[in-house]
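Visitor: My structure is in my_file_17.cif, and what it holds is mmCIF, C-alpha atoms and all ligand atoms:
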```cif
data_final
#
loop_
_atom_site.label_atom_id
_atom_site.label_comp_id
_atom_site.auth_asym_id
_atom_site.auth_seq_id
_atom_site.Cartn_x
_atom_site.Cartn_y
_atom_site.Cartn_z
CA MET A 6 -24.12 -7.36 -10.75
CA LYS A 7 -26.47 -4.36 -10.51
CA ASN A 8 -24.51 -2.31 -7.94
CA PHE A 9 -21.18 -2.52 -6.12
CA LEU A 10 -21.96 -1.69 -2.50
CA ALA A 11 -20.21 -4.34 -0.39
CA VAL A 12 -17.82 -7.25 -0.88
CA SER A 13 -20.26 -9.38 1.11
CA ASP A 14 -22.89 -8.95 -1.66
CA LEU A 15 -20.67 -10.91 -4.08
CA SER A 16 -19.95 -14.63 -4.22
CA SER A 17 -16.34 -15.83 -3.93
CA GLU A 18 -16.49 -16.63 -7.66
CA GLU A 19 -17.67 -13.10 -8.51
CA VAL A 20 -14.86 -11.59 -6.44
CA GLN A 21 -12.23 -13.72 -8.20
CA ASP A 22 -13.82 -13.00 -11.59
CA LEU A 23 -13.47 -9.25 -10.94
CA LEU A 24 -9.86 -9.72 -9.88
CA ASP A 25 -9.09 -11.75 -13.00
CA LEU A 26 -10.63 -9.03 -15.16
CA ALA A 27 -8.64 -6.38 -13.28
CA PHE A 28 -5.40 -8.30 -13.99
CA LYS A 29 -6.31 -8.47 -17.71
CA LEU A 30 -7.28 -4.81 -17.97
CA LYS A 31 -4.08 -3.81 -16.19
CA GLU A 32 -1.92 -5.87 -18.53
CA GLU A 33 -3.78 -4.55 -21.56
CA TYR A 34 -3.45 -0.95 -20.34
CA PHE A 35 0.32 -1.22 -20.00
CA LYS A 36 0.81 -3.11 -23.29
CA LYS A 37 -1.30 -1.09 -25.70
CA GLY A 38 -3.88 0.93 -23.75
CA ASN A 39 -7.49 -0.09 -23.14
CA PRO A 40 -9.96 0.11 -26.04
CA PRO A 41 -12.94 2.47 -25.56
CA TYR A 42 -15.03 0.01 -23.57
CA PHE A 43 -16.85 2.86 -21.81
CA LYS A 44 -17.50 5.06 -24.86
CA GLY A 45 -20.62 7.15 -24.33
CA LYS A 46 -20.64 6.43 -20.58
CA VAL A 47 -20.31 9.08 -17.88
CA LEU A 48 -19.75 8.25 -14.21
CA GLY A 49 -21.26 10.75 -11.75
CA MET A 50 -19.03 10.96 -8.66
CA ILE A 51 -20.70 12.25 -5.50
CA PHE A 52 -18.27 13.13 -2.70
CA GLN A 53 -19.39 14.07 0.82
CA LYS A 54 -15.78 13.71 2.04
CA PRO A 55 -12.34 14.51 0.58
CA SER A 56 -10.49 12.06 -1.67
CA LEU A 57 -7.30 11.74 -3.70
CA ARG A 58 -7.18 8.10 -4.81
CA THR A 59 -10.87 7.34 -5.24
CA ARG A 60 -11.57 10.51 -7.15
CA VAL A 61 -8.58 10.40 -9.49
CA SER A 62 -8.56 6.63 -10.09
CA PHE A 63 -12.26 6.51 -11.01
CA ASP A 64 -11.89 9.54 -13.26
CA MET A 65 -8.86 8.05 -15.01
CA ALA A 66 -10.46 4.59 -15.25
CA MET A 67 -13.33 6.17 -17.19
CA ARG A 68 -11.02 8.23 -19.42
CA HIS A 69 -8.68 5.33 -20.22
CA CYS A 70 -11.67 3.40 -21.54
CA GLY A 71 -13.14 6.23 -23.61
CA GLY A 72 -15.69 7.43 -21.06
CA ASP A 73 -15.93 10.46 -18.83
CA ALA A 74 -16.49 11.31 -15.17
CA LEU A 75 -18.22 14.18 -13.44
CA TYR A 76 -17.16 15.32 -9.96
CA LEU A 77 -19.98 16.51 -7.73
CA SER A 78 -18.70 18.20 -4.59
CA PRO A 79 -20.43 18.18 -1.17
CA ASN A 80 -21.43 21.84 -1.63
CA GLU A 81 -23.17 21.25 -4.94
CA ILE A 82 -25.38 18.31 -4.10
CA GLY A 83 -26.19 18.56 -0.39
CA LEU A 84 -27.09 14.86 -0.24
CA GLY A 85 -30.24 14.65 1.92
CA LYS A 86 -29.91 18.31 2.94
CA ARG A 87 -30.58 20.43 -0.13
CA GLU A 88 -32.51 17.62 -1.74
CA ALA A 89 -33.85 14.18 -0.86
CA ILE A 90 -31.54 11.31 -1.80
CA SER A 91 -34.43 9.61 -3.60
CA ASP A 92 -34.83 12.67 -5.84
CA ILE A 93 -31.10 13.07 -6.48
CA ALA A 94 -30.87 9.40 -7.51
CA ARG A 95 -33.76 9.66 -9.94
CA VAL A 96 -32.60 12.94 -11.47
CA LEU A 97 -29.02 11.77 -12.00
CA SER A 98 -30.29 8.50 -13.51
CA GLY A 99 -31.39 10.55 -16.52
CA TYR A 100 -28.04 12.32 -16.96
CA VAL A 101 -25.23 9.80 -16.33
CA GLN A 102 -24.79 6.05 -16.79
CA ALA A 103 -23.45 5.12 -13.32
CA LEU A 104 -22.96 6.74 -9.93
CA MET A 105 -20.10 6.47 -7.47
CA ALA A 106 -20.69 7.99 -4.04
CA ARG A 107 -18.57 8.58 -0.94
CA VAL A 108 -20.86 9.17 2.00
CA PHE A 109 -20.81 9.52 5.78
CA ASP A 110 -23.80 7.34 6.59
CA HIS A 111 -23.90 3.90 4.97
CA ALA A 112 -27.71 4.14 4.86
CA HIS A 113 -27.29 6.93 2.32
CA ILE A 114 -25.48 4.71 -0.21
CA LEU A 115 -28.22 2.10 0.21
CA GLU A 116 -30.85 4.79 -0.33
CA LEU A 117 -29.10 6.00 -3.48
CA ALA A 118 -28.99 2.45 -4.81
CA LYS A 119 -32.64 1.88 -3.93
CA TRP A 120 -33.85 4.81 -6.02
CA SER A 121 -31.27 4.88 -8.78
CA GLU A 122 -32.04 3.41 -12.19
CA ILE A 123 -28.33 3.14 -12.96
CA PRO A 124 -25.55 1.18 -11.19
CA VAL A 125 -24.29 2.62 -7.89
CA ILE A 126 -20.75 2.11 -6.56
CA ASN A 127 -19.83 2.62 -2.91
CA GLY A 128 -16.71 4.81 -2.82
CA LEU A 129 -16.50 4.54 1.03
CA SER A 130 -19.01 4.92 3.80
CA ASP A 131 -18.70 4.94 7.59
CA TYR A 132 -19.29 1.15 7.41
CA ASN A 133 -17.13 -0.17 4.56
CA HIS A 134 -14.82 0.54 1.61
CA PRO A 135 -15.31 -2.24 -0.94
CA CYS A 136 -13.41 -0.62 -3.85
CA GLN A 137 -10.36 -0.44 -1.59
CA ALA A 138 -10.68 -4.13 -0.75
CA MET A 139 -10.68 -5.08 -4.44
CA ALA A 140 -7.43 -3.18 -4.99
CA ASP A 141 -6.01 -4.74 -1.82
CA ALA A 142 -6.83 -8.27 -2.98
CA LEU A 143 -5.37 -7.53 -6.42
CA THR A 144 -2.15 -6.39 -4.75
CA ILE A 145 -2.02 -9.46 -2.49
CA GLN A 146 -2.63 -11.84 -5.40
CA GLU A 147 0.07 -10.11 -7.47
CA LYS A 148 2.52 -10.82 -4.67
CA PHE A 149 1.40 -14.26 -3.46
CA GLY A 150 -0.77 -15.65 -6.27
CA ARG A 151 -4.14 -17.18 -5.55
CA ALA A 152 -2.97 -19.37 -2.69
CA LYS A 153 -5.59 -19.86 -0.01
CA GLY A 154 -4.58 -19.88 3.65
CA LEU A 155 -2.59 -16.64 3.60
CA ASN A 156 -2.53 -14.82 6.94
CA VAL A 157 -3.72 -11.23 6.69
CA THR A 158 -3.42 -9.14 9.87
CA PHE A 159 -5.05 -5.77 10.35
CA VAL A 160 -3.56 -3.65 13.16
CA GLY A 161 -5.47 -0.62 14.42
CA ASP A 162 -9.05 0.63 14.32
CA GLY A 163 -11.85 -1.79 13.42
CA ASN A 164 -13.03 0.66 10.77
CA ASN A 165 -14.60 0.72 7.30
CA VAL A 166 -11.40 -0.43 5.57
CA ALA A 167 -11.00 -3.31 8.04
CA VAL A 168 -14.59 -4.46 7.43
CA SER A 169 -14.14 -4.77 3.66
CA LEU A 170 -10.71 -6.35 4.08
CA MET A 171 -12.14 -8.95 6.48
CA HIS A 172 -14.91 -9.77 4.02
CA ILE A 173 -12.64 -10.12 1.02
CA CYS A 174 -10.23 -12.31 3.01
CA ALA A 175 -13.14 -14.53 4.02
CA LYS A 176 -14.37 -14.72 0.42
CA LEU A 177 -10.93 -15.64 -0.93
CA GLY A 178 -10.06 -18.20 1.74
CA TRP A 179 -7.47 -16.10 3.57
CA ASN A 180 -7.21 -16.06 7.35
CA PHE A 181 -8.03 -12.66 8.81
CA THR A 182 -6.72 -11.48 12.17
CA ILE A 183 -7.31 -8.11 13.71
CA ALA A 184 -5.64 -6.53 16.74
CA ASN A 185 -7.46 -3.45 17.94
CA PRO A 186 -7.91 -1.65 21.27
CA GLU A 187 -11.01 -2.25 23.35
CA GLY A 188 -13.82 0.04 22.25
CA TYR A 189 -12.64 0.06 18.64
CA ASP A 190 -13.96 -3.32 17.51
CA LEU A 191 -15.28 -4.15 14.08
CA ALA A 192 -19.02 -3.58 13.56
CA PRO A 193 -20.75 -6.66 15.04
CA ARG A 194 -22.96 -7.14 11.96
CA ALA A 195 -19.84 -7.20 9.77
CA VAL A 196 -18.30 -9.87 12.00
CA GLU A 197 -21.50 -11.95 11.83
CA MET A 198 -21.42 -11.76 8.03
CA ALA A 199 -17.76 -12.76 7.94
CA LYS A 200 -18.53 -15.79 10.13
CA GLU A 201 -21.20 -16.85 7.64
CA ILE A 202 -18.76 -16.48 4.73
CA ILE A 203 -16.03 -18.58 6.37
CA ASN A 204 -18.51 -21.38 6.94
CA GLU A 205 -18.30 -21.81 3.17
CA THR A 206 -14.68 -20.93 2.45
CA GLY A 207 -13.04 -22.46 5.52
CA SER A 208 -10.76 -19.57 6.41
CA GLN A 209 -10.21 -18.40 9.98
CA LEU A 210 -11.09 -15.21 11.82
CA THR A 211 -9.14 -14.14 14.91
CA PHE A 212 -9.92 -11.14 17.12
CA LEU A 213 -7.10 -9.99 19.41
CA ARG A 214 -5.97 -7.02 21.48
CA ASP A 215 -2.22 -7.66 21.22
CA PRO A 216 -0.65 -6.55 17.91
CA HIS A 217 2.50 -8.63 18.58
CA GLU A 218 0.47 -11.81 18.89
CA ALA A 219 -1.56 -10.82 15.81
CA VAL A 220 1.42 -10.50 13.45
CA GLN A 221 2.89 -13.95 14.23
CA GLY A 222 3.05 -15.74 10.86
CA ALA A 223 1.44 -12.80 9.02
CA HIS A 224 1.99 -12.60 5.26
CA VAL A 225 0.24 -9.24 5.17
CA ILE A 226 0.21 -6.50 7.81
CA TYR A 227 -2.38 -3.83 7.08
CA THR A 228 -3.01 -0.61 8.92
CA ASP A 229 -5.09 2.52 8.49
CA THR A 230 -5.58 5.88 10.15
CA TRP A 231 -6.53 5.93 13.82
CA THR A 232 -9.14 8.63 13.13
CA SER A 233 -11.34 8.23 10.08
CA MET A 234 -13.07 11.03 8.22
CA GLY A 235 -16.04 12.17 10.28
CA GLN A 236 -14.39 11.24 13.62
CA GLU A 237 -12.18 14.33 13.87
CA GLU A 238 -13.63 15.31 17.27
CA GLU A 239 -12.30 12.03 18.72
CA ALA A 240 -8.78 12.51 17.35
CA ALA A 241 -7.14 13.58 20.64
CA ARG A 242 -8.61 10.63 22.56
CA ARG A 243 -7.64 8.20 19.82
CA GLU A 244 -4.06 9.49 19.73
CA LYS A 245 -3.75 8.41 23.38
CA VAL A 246 -5.19 4.93 22.82
CA PHE A 247 -3.61 3.79 19.56
CA PRO A 248 0.20 4.25 19.87
CA PRO A 249 0.75 0.57 20.93
CA TYR A 250 -0.80 -0.32 17.55
CA GLN A 251 1.78 1.54 15.47
CA VAL A 252 3.18 -0.53 12.59
CA ASN A 253 6.92 -0.03 12.97
CA ALA A 254 10.10 -1.97 12.16
CA GLN A 255 9.92 -3.97 15.38
CA LEU A 256 6.37 -5.17 14.68
CA VAL A 257 7.19 -6.00 11.06
CA SER A 258 10.23 -8.05 12.17
CA GLU A 259 7.88 -10.29 14.20
CA ALA A 260 5.87 -11.34 11.12
CA ASP A 261 6.72 -13.74 8.26
CA LYS A 262 10.06 -12.77 6.67
CA ASP A 263 8.34 -12.05 3.31
CA VAL A 264 5.49 -10.03 4.86
CA ILE A 265 4.06 -7.17 2.85
CA VAL A 266 2.89 -4.00 4.58
CA MET A 267 -0.25 -2.34 3.29
CA HIS A 268 -2.13 0.88 3.98
CA CYS A 269 -5.10 2.26 2.04
CA LEU A 270 -3.69 5.80 2.40
CA PRO A 271 -3.82 8.63 3.29
CA ALA A 272 -1.24 7.66 5.94
CA HIS A 273 -0.39 9.67 9.01
CA ARG A 274 3.28 9.02 8.89
CA ASN A 275 4.92 8.12 12.18
CA GLN A 276 1.52 7.66 13.79
CA GLU A 277 0.00 4.38 12.55
CA LEU A 278 2.90 3.70 10.15
CA THR A 279 6.52 4.74 10.58
CA ASP A 280 8.44 6.30 7.69
CA ASP A 281 11.05 3.53 7.62
CA VAL A 282 8.35 0.89 7.14
CA ALA A 283 6.24 2.94 4.70
CA ASP A 284 9.29 3.49 2.52
CA GLY A 285 11.04 0.20 3.32
CA PRO A 286 11.37 -3.10 1.46
CA HIS A 287 8.17 -4.70 2.81
CA SER A 288 5.91 -1.82 1.85
CA VAL A 289 3.56 -2.10 -1.13
CA ILE A 290 1.56 1.05 -0.36
CA PHE A 291 2.10 2.72 -3.73
CA PRO A 292 1.45 -0.31 -6.01
CA GLN A 293 -1.60 -0.86 -3.79
CA ALA A 294 -2.81 2.71 -4.43
CA HIS A 295 -2.14 2.32 -8.16
CA ASN A 296 -4.19 -0.88 -8.24
CA ARG A 297 -7.29 1.15 -7.37
CA LEU A 298 -7.30 2.17 -11.04
CA HIS A 299 -7.26 -1.37 -12.40
CA ALA A 300 -9.65 -2.89 -9.87
CA GLN A 301 -12.18 -0.13 -10.52
CA LYS A 302 -11.96 -0.56 -14.29
CA ALA A 303 -13.05 -4.16 -13.71
CA ILE A 304 -15.95 -3.08 -11.46
CA LEU A 305 -17.10 -0.50 -14.02
CA ALA A 306 -16.80 -2.98 -16.89
CA ARG A 307 -18.98 -5.53 -15.11
CA LEU A 308 -21.58 -2.91 -14.15
CA PHE A 309 -21.71 -1.56 -17.71
CA GLY A 310 -21.82 -5.14 -19.01
CA VAL A 311 -19.09 -4.37 -21.52
CA ARG A 312 -16.55 -7.10 -20.76
N1 LIG A 401 -7.76 5.02 0.01
C1 LIG A 401 -8.64 5.97 -0.36
O1 LIG A 401 -9.85 5.74 -0.55
O2 LIG A 401 -8.07 7.19 -0.57
P1 LIG A 401 -8.85 8.56 -0.80
O3 LIG A 401 -9.56 8.89 0.46
O4 LIG A 401 -7.79 9.56 -1.15
O5 LIG A 401 -9.82 8.36 -1.94
N1 LIG A 402 -10.68 4.78 7.35
C1 LIG A 402 -10.37 5.91 6.51
C2 LIG A 402 -10.11 5.47 5.11
C3 LIG A 402 -9.75 6.57 4.15
C4 LIG A 402 -9.56 6.09 2.77
C5 LIG A 402 -11.50 6.93 6.58
O1 LIG A 402 -12.66 6.54 6.53
O2 LIG A 402 -11.19 8.12 6.70
#
```
Mind turning the file's structure into structure tokens?
Ligand code: CP
Ligand code: NVA
Guide:
Amino acid sequence: MKNFLAVSDLSSEEVQDLLDLAFKLKEEYFKKGNPPYFKGKVLGMIFQKPSLRTRVSFDMAMRHCGGDALYLSPNEIGLGKREAISDIARVLSGYVQALMARVFDHAHILELAKWSEIPVINGLSDYNHPCQAMADALTIQEKFGRAKGLNVTFVGDGNNVAVSLMHICAKLGWNFTIANPEGYDLAPRAVEMAKEIINETGSQLTFLRDPHEAVQGAHVIYTDTWTSMGQEEEAARREKVFPPYQVNAQLVSEADKDVIVMHCLPAHRNQELTDDVADGPHSVIFPQAHNRLHAQKAILARLFGVR
């Protein structure tokens, strides 16, 4: 594994191997702390957009394992504005041992990876969010084990988080259903890739408009913001379109009785997810957020070749 840019770049075995390592590192961390696996390593973290979870969990993942992390804000770097991405990648390759970047344009993460001499991790782009998907799968496997054939339903915008979730479901043999309004479909190239993956793993993909139909038999209901970072100008229009896609107690009651409710956060409470569901018995949103730490330790360990 040279970089971590997309779930679809990994085989099913590599995905499960990362999850197994994440389980082990999590257990080790809570029992006795992690040894200094990342001693002498510094992760450069480039952010073009805000972040709570990605920033803090990567920083803490490095520190727990004896390494360090450096936050590079949008103002400092000016990715592609102050300086060419190809130059930034080659300069940073001489200072730090890995790069994590959160970008607007997915092409920019690919460009960073192309020129970088050190591993590059995608910390979210307009196309996907693979680190989130690893934490999501870890959370699902903690609840349901490794059983194939689970039904995972995404309700809302066919966005970056939905793309990576679809791909990890396909890789792990889970059925993925999405209900989204017309005009807010998943990126067609992501759907094509998912169809190729399920040819091998045998899971099912279902694309619907009706959220009530989509949650029938769901073991997981997942939602995310109606307006992603970078789409702020569309917020008013989206707030008119998306209310039928709210995950609320009624919708949850139509799913499997043991359904878990997930959200990558940040949540817009009482828009896409009601307070009673977010804080209710089906919700796993905080363990899910905490699993970012453990999943990312596994990704870093594999990229550094230390475990
Ligand atoms: N889920 C997630 O990536 O959160 P942040 O935007 O806070 O990093
Ligand atoms: N879809 C959201 C995810 C935030 C973690 C966004 O891109 O803003």
Visitor: Please, which residues have at least one atom within 6 Å of an atom of ligand LIG 401 (chain A), using all atoms listed in the file, listed as a PyMOL selection string?
Guide: chain A and resi 56-60+269-271
Visitor: When the cut-off is 9 Å and you count only C-alpha atoms and all ligand atoms, which residues lie near ligand LIG 402 (chain A), shown as a VMD selection string?
Guide: chain A and resid 54 to 59 109 129 to 134 137 162 164 to 167 229 to 236 269 to 272
Visitor: Ranking A:Leu143, A:Met50, A:Ala195, A:Ile82 by minimum distance to Asp25 in chain A and counting only C-alpha atoms, which one comes first?
Guide: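 Closest residue, counting only C-alpha atoms: A:Leu143.
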Visitor: Find the residues of range 87-143 of chain A that sit at most 12 Å from range 219-227 of chain A; for each, write down the nearest two atoms and how far apart they are in Å, to one decimal. Count all atoms listed in the file. Sort by chain, then by number going up, and give it as a Markdown table.
Guide:
```
| residue | atom | partner | partner_atom | distance |
| --- | --- | --- | --- | --- |
| A:Ala138 | CA | A:Tyr227 | CA | 11.4 |
| A:Asp141 | CA | A:Tyr227 | CA | 9.7 |
| A:Ala142 | CA | A:Val225 | CA | 10.8 |
```
Visitor: In terms of the shortest atom-to-atom distance over all atoms listed in the file, which of A:Ser17, A:Ser62, A:Gln293, A:Thr279 is closest to Ile173 in chain A?
Guide: A:Ser17
Visitor: Val12 in chain A: which residues within 10 Å, counting all atoms listed in the file, same-chain residues fewer than 5 positions away excluded, as a short mmCIF file (atom, residue, chain, number, x, y, z; two decimals) with C-alpha atoms, in the frame of the given file?
Guide:
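This went into out-v3.cif:
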```cif
data_model
loop_
_atom_site.label_atom_id
_atom_site.label_comp_id
_atom_site.auth_asym_id
_atom_site.auth_seq_id
_atom_site.Cartn_x
_atom_site.Cartn_y
_atom_site.Cartn_z
CA SER A 17 -16.34 -15.83 -3.93
CA GLU A 19 -17.67 -13.10 -8.51
CA VAL A 20 -14.86 -11.59 -6.44
CA ASN A 133 -17.13 -0.17 4.56
CA HIS A 134 -14.82 0.54 1.61
CA PRO A 135 -15.31 -2.24 -0.94
CA CYS A 136 -13.41 -0.62 -3.85
CA ALA A 138 -10.68 -4.13 -0.75
CA MET A 139 -10.68 -5.08 -4.44
CA VAL A 168 -14.59 -4.46 7.43
CA SER A 169 -14.14 -4.77 3.66
CA LEU A 170 -10.71 -6.35 4.08
CA MET A 171 -12.14 -8.95 6.48
CA HIS A 172 -14.91 -9.77 4.02
CA ILE A 173 -12.64 -10.12 1.02
CA CYS A 174 -10.23 -12.31 3.01
CA ALA A 175 -13.14 -14.53 4.02
CA LYS A 176 -14.37 -14.72 0.42
#
```
Visitor: Would you please work out which residue, of A:Thr182, A:Arg297, A:Gly83, A:Leu213, is nearest to Leu155 in chain A when using only C-alpha atoms?
Guide: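 Of all the options, A:Thr182 lies closest to Leu155 in chain A.
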Visitor: Considering only C-alpha atoms, state which residue in the set A:Lys200, A:His299, A:His217, A:Lys29 is at the smallest distance from Ala254 in chain A.
Guide: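 The closest residue to Ala254 in chain A is A:His217.
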Visitor: How many Å separate CA of Ala303 in chain A from CA of Asp22 in chain A?
Guide: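 Value for the CA of Ala303 in chain A-CA of Asp22 in chain A distance: 9.1 Å.
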Visitor: Would you compute the distance between CA of Ile265 in chain A and CA of His287 in chain A? Give it in Å to one decimal.
Guide: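 Computing it gives 4.8 Å between the two atoms.
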Visitor: Could you work out how far CA of Leu26 in chain A lies from CA of Gln146 in chain A, giving the answer in Å with one decimal?
Guide: 12.9 Å
Visitor: Once you add 3 Å to each side, what are the centre and edge lengths of the axis-aligned box holding all listed atoms of range 256-273 of chain A? One decimal in Å, as AutoDock Vina command-line options, if you can.
Guide:
```
--center_x 2.6 --center_y -2.0 --center_z 8.4 --size_x 21.3 --size_y 29.4 --size_z 18.6
```
Visitor: Can you tell me which residues surround Gly154 in chain A at a distance of at most 10 Å, considering only C-alpha atoms, apart from same-chain residues fewer than 5 positions away, and format the answer as number ranges by chain?
Guide: A: 174, 177-181, 207-209, 224
Visitor: For C-alpha atoms, I'd like the residues from the last selection saved as a PDB file, in the frame of the given file.
Guide:
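Now in selection.pdb:
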```
ATOM      1  CA  CYS A 174     -10.230 -12.310   3.010  1.00  0.00           C
ATOM      2  CA  LEU A 177     -10.930 -15.640  -0.930  1.00  0.00           C
ATOM      3  CA  GLY A 178     -10.060 -18.200   1.740  1.00  0.00           C
ATOM      4  CA  TRP A 179      -7.470 -16.100   3.570  1.00  0.00           C
ATOM      5  CA  ASN A 180      -7.210 -16.060   7.350  1.00  0.00           C
ATOM      6  CA  PHE A 181      -8.030 -12.660   8.810  1.00  0.00           C
ATOM      7  CA  GLY A 207     -13.040 -22.460   5.520  1.00  0.00           C
ATOM      8  CA  SER A 208     -10.760 -19.570   6.410  1.00  0.00           C
ATOM      9  CA  GLN A 209     -10.210 -18.400   9.980  1.00  0.00           C
ATOM     10  CA  HIS A 224       1.990 -12.600   5.260  1.00  0.00           C
TER      11      HIS A 224
END
```
Visitor: Please return range 235-246 of chain A, rebuilt to N, CA, C and O atoms, as a PDB file, in the coordinates of the input.
Guide:
```pdb
ATOM      1  N   GLY A 235     -14.773  12.096   9.548  1.00  0.00           N
ATOM      2  CA  GLY A 235     -16.040  12.170  10.280  1.00  0.00           C
ATOM      3  C   GLY A 235     -15.852  11.952  11.777  1.00  0.00           C
ATOM      4  O   GLY A 235     -16.773  12.166  12.555  1.00  0.00           O
ATOM      5  N   GLN A 236     -14.649  11.501  12.193  1.00  0.00           N
ATOM      6  CA  GLN A 236     -14.390  11.240  13.620  1.00  0.00           C
ATOM      7  C   GLN A 236     -13.416  12.263  14.204  1.00  0.00           C
ATOM      8  O   GLN A 236     -12.828  12.026  15.261  1.00  0.00           O
ATOM      9  N   GLU A 237     -13.236  13.376  13.513  1.00  0.00           N
ATOM     10  CA  GLU A 237     -12.180  14.330  13.870  1.00  0.00           C
ATOM     11  C   GLU A 237     -12.267  14.777  15.335  1.00  0.00           C
ATOM     12  O   GLU A 237     -11.245  15.005  15.972  1.00  0.00           O
ATOM     13  N   GLU A 238     -13.484  14.863  15.873  1.00  0.00           N
ATOM     14  CA  GLU A 238     -13.630  15.310  17.270  1.00  0.00           C
ATOM     15  C   GLU A 238     -13.014  14.323  18.267  1.00  0.00           C
ATOM     16  O   GLU A 238     -12.717  14.684  19.402  1.00  0.00           O
ATOM     17  N   GLU A 239     -12.854  13.062  17.828  1.00  0.00           N
ATOM     18  CA  GLU A 239     -12.300  12.030  18.720  1.00  0.00           C
ATOM     19  C   GLU A 239     -10.787  11.913  18.592  1.00  0.00           C
ATOM     20  O   GLU A 239     -10.183  11.063  19.251  1.00  0.00           O
ATOM     21  N   ALA A 240     -10.188  12.720  17.712  1.00  0.00           N
ATOM     22  CA  ALA A 240      -8.780  12.510  17.350  1.00  0.00           C
ATOM     23  C   ALA A 240      -7.857  12.509  18.576  1.00  0.00           C
ATOM     24  O   ALA A 240      -6.998  11.629  18.717  1.00  0.00           O
ATOM     25  N   ALA A 241      -8.046  13.458  19.493  1.00  0.00           N
ATOM     26  CA  ALA A 241      -7.140  13.580  20.640  1.00  0.00           C
ATOM     27  C   ALA A 241      -7.214  12.316  21.506  1.00  0.00           C
ATOM     28  O   ALA A 241      -6.183  11.784  21.948  1.00  0.00           O
ATOM     29  N   ARG A 242      -8.436  11.831  21.740  1.00  0.00           N
ATOM     30  CA  ARG A 242      -8.610  10.630  22.560  1.00  0.00           C
ATOM     31  C   ARG A 242      -7.968   9.418  21.865  1.00  0.00           C
ATOM     32  O   ARG A 242      -7.290   8.598  22.488  1.00  0.00           O
ATOM     33  N   ARG A 243      -8.177   9.326  20.567  1.00  0.00           N
ATOM     34  CA  ARG A 243      -7.640   8.200  19.820  1.00  0.00           C
ATOM     35  C   ARG A 243      -6.104   8.211  19.814  1.00  0.00           C
ATOM     36  O   ARG A 243      -5.475   7.158  19.850  1.00  0.00           O
ATOM     37  N   GLU A 244      -5.521   9.403  19.745  1.00  0.00           N
ATOM     38  CA  GLU A 244      -4.060   9.490  19.730  1.00  0.00           C
ATOM     39  C   GLU A 244      -3.445   9.009  21.040  1.00  0.00           C
ATOM     40  O   GLU A 244      -2.267   8.657  21.090  1.00  0.00           O
ATOM     41  N   LYS A 245      -4.240   8.954  22.105  1.00  0.00           N
ATOM     42  CA  LYS A 245      -3.750   8.410  23.380  1.00  0.00           C
ATOM     43  C   LYS A 245      -3.860   6.893  23.407  1.00  0.00           C
ATOM     44  O   LYS A 245      -3.069   6.202  24.024  1.00  0.00           O
ATOM     45  N   VAL A 246      -4.876   6.360  22.739  1.00  0.00           N
ATOM     46  CA  VAL A 246      -5.190   4.930  22.820  1.00  0.00           C
ATOM     47  C   VAL A 246      -4.358   4.083  21.846  1.00  0.00           C
ATOM     48  O   VAL A 246      -3.964   2.953  22.153  1.00  0.00           O
TER      49      VAL A 246
END
```
